[in-house]
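**Student:** Structure supplied as run30.txt; contents: compact mmCIF, C-alpha atoms.
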```
# COMPACT_ATOMS: atom_id res chain seq x y z
CA MET E 1 -30.15 -65.92 0.06
CA ASN E 2 -31.65 -66.98 -3.24
CA SER E 3 -30.01 -65.65 -6.41
CA ARG E 4 -32.90 -66.54 -8.75
CA PRO E 5 -34.49 -63.62 -10.51
CA THR E 6 -37.86 -62.87 -8.99
CA SER E 7 -40.90 -61.03 -10.17
CA PHE E 8 -41.26 -57.57 -8.69
CA ASP E 9 -44.69 -56.11 -9.25
CA GLU E 10 -46.44 -52.86 -8.34
CA LEU E 11 -47.60 -54.22 -4.97
CA ASP E 12 -44.01 -55.18 -4.10
CA ARG E 13 -42.93 -51.67 -5.10
CA LYS E 14 -45.59 -50.16 -2.79
CA ILE E 15 -44.51 -52.42 0.09
CA VAL E 16 -40.85 -51.49 -0.36
CA THR E 17 -41.75 -47.79 -0.59
CA ALA E 18 -43.78 -48.04 2.65
CA LEU E 19 -40.94 -49.82 4.45
CA MET E 20 -38.38 -47.30 3.23
CA ALA E 21 -40.56 -44.49 4.56
CA ASN E 22 -41.05 -46.22 7.91
CA ALA E 23 -39.53 -49.64 8.54
CA ARG E 24 -41.55 -49.89 11.76
CA SER E 25 -44.87 -49.93 9.91
CA SER E 26 -46.85 -53.06 10.69
CA PHE E 27 -47.88 -55.46 7.97
CA ALA E 28 -51.49 -54.50 8.75
CA GLU E 29 -50.74 -50.78 8.25
CA ILE E 30 -48.97 -51.42 4.97
CA GLY E 31 -51.72 -53.77 3.82
CA ALA E 32 -54.44 -51.22 4.60
CA GLY E 33 -52.61 -48.67 2.49
CA ILE E 34 -52.21 -50.91 -0.56
CA GLY E 35 -55.26 -53.18 -0.38
CA LEU E 36 -53.71 -56.42 0.94
CA SER E 37 -54.13 -58.40 4.14
CA ALA E 38 -51.38 -58.33 6.75
CA THR E 39 -50.66 -62.00 5.96
CA ALA E 40 -50.24 -61.26 2.24
CA VAL E 41 -47.88 -58.37 3.02
CA LYS E 42 -45.84 -60.61 5.34
CA ARG E 43 -45.54 -63.32 2.66
CA ARG E 44 -44.35 -60.73 0.15
CA VAL E 45 -41.86 -59.18 2.61
CA ASP E 46 -40.52 -62.65 3.44
CA ARG E 47 -40.07 -63.36 -0.30
CA LEU E 48 -38.41 -59.97 -0.86
CA ARG E 49 -35.99 -60.69 2.01
CA GLU E 50 -35.29 -64.23 0.78
CA THR E 51 -34.49 -63.02 -2.73
CA GLY E 52 -32.26 -60.19 -1.49
CA VAL E 53 -34.46 -57.29 -2.59
CA ILE E 54 -34.85 -56.24 1.07
CA THR E 55 -31.45 -56.54 2.71
CA GLY E 56 -32.31 -55.35 6.21
CA PHE E 57 -34.08 -52.86 8.43
CA THR E 58 -32.35 -50.00 10.19
CA ALA E 59 -32.77 -46.87 12.26
CA THR E 60 -31.65 -43.47 11.02
CA VAL E 61 -29.62 -41.63 13.63
CA LYS E 62 -28.42 -38.03 13.62
CA PRO E 63 -24.61 -38.45 13.78
CA SER E 64 -24.06 -35.24 15.77
CA ALA E 65 -26.28 -36.64 18.53
CA LEU E 66 -23.65 -39.36 18.95
CA GLY E 67 -20.71 -36.97 18.96
CA TRP E 68 -19.83 -37.20 15.25
CA ARG E 69 -19.74 -33.51 14.30
CA THR E 70 -17.18 -33.55 11.47
CA GLU E 71 -17.84 -35.12 8.09
CA ALA E 72 -15.74 -35.32 4.94
CA TYR E 73 -15.34 -37.10 1.65
CA VAL E 74 -11.85 -38.29 0.83
CA GLU E 75 -10.63 -39.12 -2.67
CA VAL E 76 -7.96 -41.82 -2.56
CA TYR E 77 -5.31 -42.11 -5.28
CA CYS E 78 -3.29 -45.32 -5.37
CA GLU E 79 0.11 -46.29 -6.76
CA GLY E 80 -0.57 -48.58 -9.68
CA ALA E 81 -3.78 -50.53 -9.67
CA ALA E 82 -4.81 -51.31 -6.12
CA PRO E 83 -7.38 -54.10 -6.20
CA PRO E 84 -10.77 -53.25 -4.70
CA ARG E 85 -10.37 -56.20 -2.32
CA ARG E 86 -7.22 -54.60 -0.83
CA LEU E 87 -8.95 -51.22 -0.52
CA ALA E 88 -11.86 -52.94 1.24
CA GLU E 89 -9.44 -54.48 3.77
CA VAL E 90 -8.03 -51.05 4.54
CA VAL E 91 -11.36 -49.29 5.03
CA ARG E 92 -12.64 -52.03 7.34
CA ASN E 93 -9.79 -51.11 9.70
CA HIS E 94 -11.12 -47.57 10.12
CA PRO E 95 -14.49 -47.44 11.91
CA GLU E 96 -14.79 -43.74 11.05
CA ILE E 97 -15.18 -44.64 7.36
CA THR E 98 -18.94 -45.03 6.99
CA ALA E 99 -19.00 -45.66 3.24
CA ALA E 100 -16.38 -46.49 0.64
CA MET E 101 -16.54 -47.15 -3.05
CA THR E 102 -14.30 -47.46 -6.08
CA VAL E 103 -15.01 -44.71 -8.61
CA THR E 104 -14.30 -43.61 -12.14
CA GLY E 105 -12.25 -40.51 -12.86
CA GLY E 106 -8.90 -39.56 -11.42
CA ALA E 107 -9.36 -41.05 -7.96
CA ASP E 108 -9.38 -44.78 -7.31
CA ALA E 109 -11.78 -44.64 -4.37
CA LEU E 110 -14.07 -42.28 -2.48
CA LEU E 111 -14.44 -42.52 1.30
CA HIS E 112 -17.15 -41.00 3.48
CA VAL E 113 -15.61 -40.22 6.86
CA ARG E 114 -17.26 -39.11 10.11
CA ALA E 115 -15.21 -37.94 13.08
CA ARG E 116 -15.70 -36.22 16.43
CA ASP E 117 -13.87 -33.08 15.31
CA VAL E 118 -11.24 -31.82 12.87
CA GLU E 119 -8.36 -33.18 14.96
CA HIS E 120 -9.93 -36.64 14.97
CA PHE E 121 -10.50 -36.40 11.20
CA GLU E 122 -6.82 -35.50 10.74
CA GLU E 123 -5.81 -38.60 12.75
CA VAL E 124 -8.02 -40.78 10.55
CA LEU E 125 -6.55 -39.23 7.41
CA GLU E 126 -3.01 -39.90 8.62
CA ARG E 127 -3.88 -43.54 9.36
CA ILE E 128 -5.24 -43.91 5.82
CA ARG E 129 -2.19 -42.23 4.27
CA VAL E 130 0.33 -44.62 5.86
CA GLU E 131 -0.89 -47.47 3.65
CA PRO E 132 2.03 -48.17 1.30
CA PHE E 133 -0.05 -48.20 -1.90
CA ILE E 134 -1.81 -44.87 -1.25
CA ARG E 135 -0.14 -42.12 -3.25
CA LYS E 136 -2.28 -39.17 -2.16
CA THR E 137 -5.65 -38.11 -0.80
CA ILE E 138 -7.84 -35.11 -1.42
CA SER E 139 -10.38 -34.22 1.26
CA VAL E 140 -13.56 -32.19 1.07
CA MET E 141 -15.21 -31.21 4.36
CA VAL E 142 -19.00 -31.14 4.52
CA LEU E 143 -20.34 -27.78 5.73
CA SER E 144 -24.07 -28.50 5.59
CA HIS E 145 -26.58 -30.88 4.03
CA LEU E 146 -28.78 -29.25 1.42
CA ILE E 147 -31.17 -32.21 1.57
CA PRO E 148 -31.46 -32.78 5.33
CA ASP E 149 -33.68 -35.88 4.99
CA SER E 150 -31.20 -37.73 2.74
CA PRO E 151 -29.47 -40.87 4.01
CA GLU E 152 -26.16 -38.99 3.88
CA ALA E 153 -27.46 -36.46 6.42
CA GLY E 154 -28.25 -39.27 8.86
CA ALA E 155 -26.72 -42.63 9.51
CA SER E 156 -28.58 -45.34 7.68
CA HIS E 157 -25.74 -47.75 8.41
CA PRO E 158 -24.26 -49.06 11.65
CA VAL E 159 -22.90 -46.36 13.91
CA PRO E 160 -19.07 -46.20 13.88
CA ARG E 161 -17.67 -47.92 16.97
CA PRO E 162 -16.13 -44.95 18.80
CA ALA E 163 -19.37 -42.95 18.57
CA ALA E 164 -21.29 -45.85 20.10
CA GLU E 165 -18.88 -45.76 23.02
CA ASP E 166 -19.42 -41.99 23.34
CA ALA E 167 -23.20 -42.50 23.31
CA ALA E 168 -22.95 -45.07 26.12
CA GLU E 169 -21.10 -42.50 28.24
CA LEU E 170 -23.90 -39.96 27.65
CA ARG E 171 -26.53 -42.23 29.24
```
Please, can you express the file's structure as structure tokens?

**Tutor:**
Amino acid sequence: MNSRPTSFDELDRKIVTALMANARSSFAEIGAGIGLSATAVKRRVDRLRETGVITGFTATVKPSALGWRTEAYVEVYCEGAAPPRRLAEVVRNHPEITAAMTVTGGADALLHVRARDVEHFEEVLERIRVEPFIRKTISVMVLSHLIPDSPEAGASHPVPRPAAEDAAELR
């Protein structure tokens, strides 16, 4: 991936907007909508991928369709200053954690967790809490999504491993 700054014009913005709305749109469809040929759109998409503006293409999946019916956000409070690298190692060991970030405020990190049910969520929480540098956690369960078309309401990231196994059993 190239780290050089790149120009990003209005046509690039329209291409990115079209791909975000439907990543399966053809270059010809996008081009017809913005006044470019399919070849010109492809060249621009290739450049946007090479420069890291476009980082990938994905499918949005309804988590409950894969057996993930419980969702929560977990604030993590650490003893001392836990380095983000160490926190990243911990969250990679929990496939139920679908997003994790360091944050400002009282908590050191915020985790987005999906689980099959409340019991499964409790197991995940206990696995997180056994880390020696974690002082406490505060969990908030999601009841409903007020913006149902938001990325948080779907899964715009890889499906957690256990859910994929559940989905295979449903076929």

**Student:** Which residues are close to Ala38 (chain E), i.e. within 7 Å by only C-alpha atoms, leaving aside same-chain residues fewer than 3 positions away? Reply as a ChimeraX atom specification.

**Tutor:** /E:27-28,31,41-42

**Student:** How close does region 5-104 of chain E get to region 123-127 of chain E? List, as a Markdown table, each residue of region 5-104 of chain E within 12 Å, its nearest atom pair and the distance in Å to one decimal, counting all atoms listed in the file.

**Tutor:**
```
| residue | atom | partner | partner_atom | distance |
| --- | --- | --- | --- | --- |
| E:Thr70 | CA | E:Val124 | CA | 11.7 |
| E:Glu71 | CA | E:Val124 | CA | 11.6 |
| E:Ala72 | CA | E:Leu125 | CA | 10.3 |
| E:Tyr73 | CA | E:Leu125 | CA | 10.7 |
| E:Val74 | CA | E:Leu125 | CA | 8.5 |
| E:Glu75 | CA | E:Leu125 | CA | 10.9 |
| E:Val76 | CA | E:Leu125 | CA | 10.4 |
| E:Val90 | CA | E:Arg127 | CA | 9.8 |
| E:Val91 | CA | E:Arg127 | CA | 10.4 |
| E:Asn93 | CA | E:Arg127 | CA | 9.6 |
| E:His94 | CA | E:Val124 | CA | 7.5 |
| E:Pro95 | CA | E:Val124 | CA | 9.4 |
| E:Glu96 | CA | E:Val124 | CA | 7.4 |
| E:Ile97 | CA | E:Val124 | CA | 8.7 |
```

**Student:** In Å, with one decimal, what is the gap from CA of Leu110 (chain E) to CA of Arg129 (chain E)?

**Tutor:**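 About the pair CA of Leu110 (chain E) and CA of Arg129 (chain E): they are 13.7 Å apart.
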
**Student:** Find the distance between CA of Asp108 (chain E) and CA of Thr60 (chain E) and write it in Å to one decimal.

**Tutor:**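 Atom-to-atom, CA of Asp108 (chain E) and CA of Thr60 (chain E) are spaced 28.9 Å apart.
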
**Student:** What gap, in Å, lies between CA of Gly56 (chain E) and CA of Arg86 (chain E)?

**Tutor:**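 For CA of Gly56 (chain E) relative to CA of Arg86 (chain E), the distance reads 26.1 Å.
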
**Student:** Just checking: using only C-alpha atoms, which residue out of E:Ala23, E:Ala153, E:Ala107, E:Leu146 ends up closest to Tyr77 (chain E)?

**Tutor:** E:Ala107

**Student:** Neighbours of Phe57 (chain E) within 9 Å (only C-alpha atoms; same-chain residues fewer than 4 positions away dropped), as a list in words?

**Tutor:**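 Contacts, in chain order: Leu19, Met20, Ala23 and Arg24 of chain E.
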
**Student:** Restricting the calculation to all atoms listed in the file, which member of E:Asp46, E:Thr58, E:Ala21, E:Arg69 is positioned closest to Ser144 (chain E)?

**Tutor:**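 Using all atoms listed in the file, the shortest distance to Ser144 (chain E) belongs to E:Arg69.
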
**Student:** Name all residues at most 6 Å from Ala115 (chain E) (count all atoms listed in the file; drop same-chain ones fewer than 4 positions away) and give them as a PyMOL selection string.

**Tutor:** chain E and resi 68+70+120-121

**Student:** Point out the residue among E:Ile15, E:Lys136, E:Ile128, E:Arg116 with the least atom-to-atom distance to Leu66 (chain E), counting all atoms listed in the file.

**Tutor:**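 Closest to Leu66 (chain E), using all atoms listed in the file: E:Arg116.
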
**Student:** Using all atoms listed in the file, can you list as an MDAnalysis selection string the residues within 9 Å of (-5.6, -48.6, -5.5)?

**Tutor:** chainID E and resid 76:84 86:87 102 107:109 133:135

**Student:** Need the shell around Asp12 (chain E): protein/DNA/RNA residues with any atom at most 10 Å away, counting all atoms listed in the file. Skip same-chain ones fewer than 2 positions apart. Format as a ChimeraX atom specification?

**Tutor:** /E:7-10,14-18,34,41,44-45,47-48,53

**Student:** Counting only C-alpha atoms, figure out which residue out of E:Arg114, E:Arg13, E:Arg49, E:Arg92 gets nearest to Ile30 (chain E).

**Tutor:**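 Distance minimum relative to Ile30 (chain E) lands on E:Arg13.
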
**Student:** Compare E:Gly154, E:Ala40, E:Ala88, E:Val130 by their minimum atom-to-atom distance to Ala100 (chain E), counting only C-alpha atoms, and give me the closest one.

**Tutor:**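 Among the listed residues, E:Ala88 lies closest to Ala100 (chain E).
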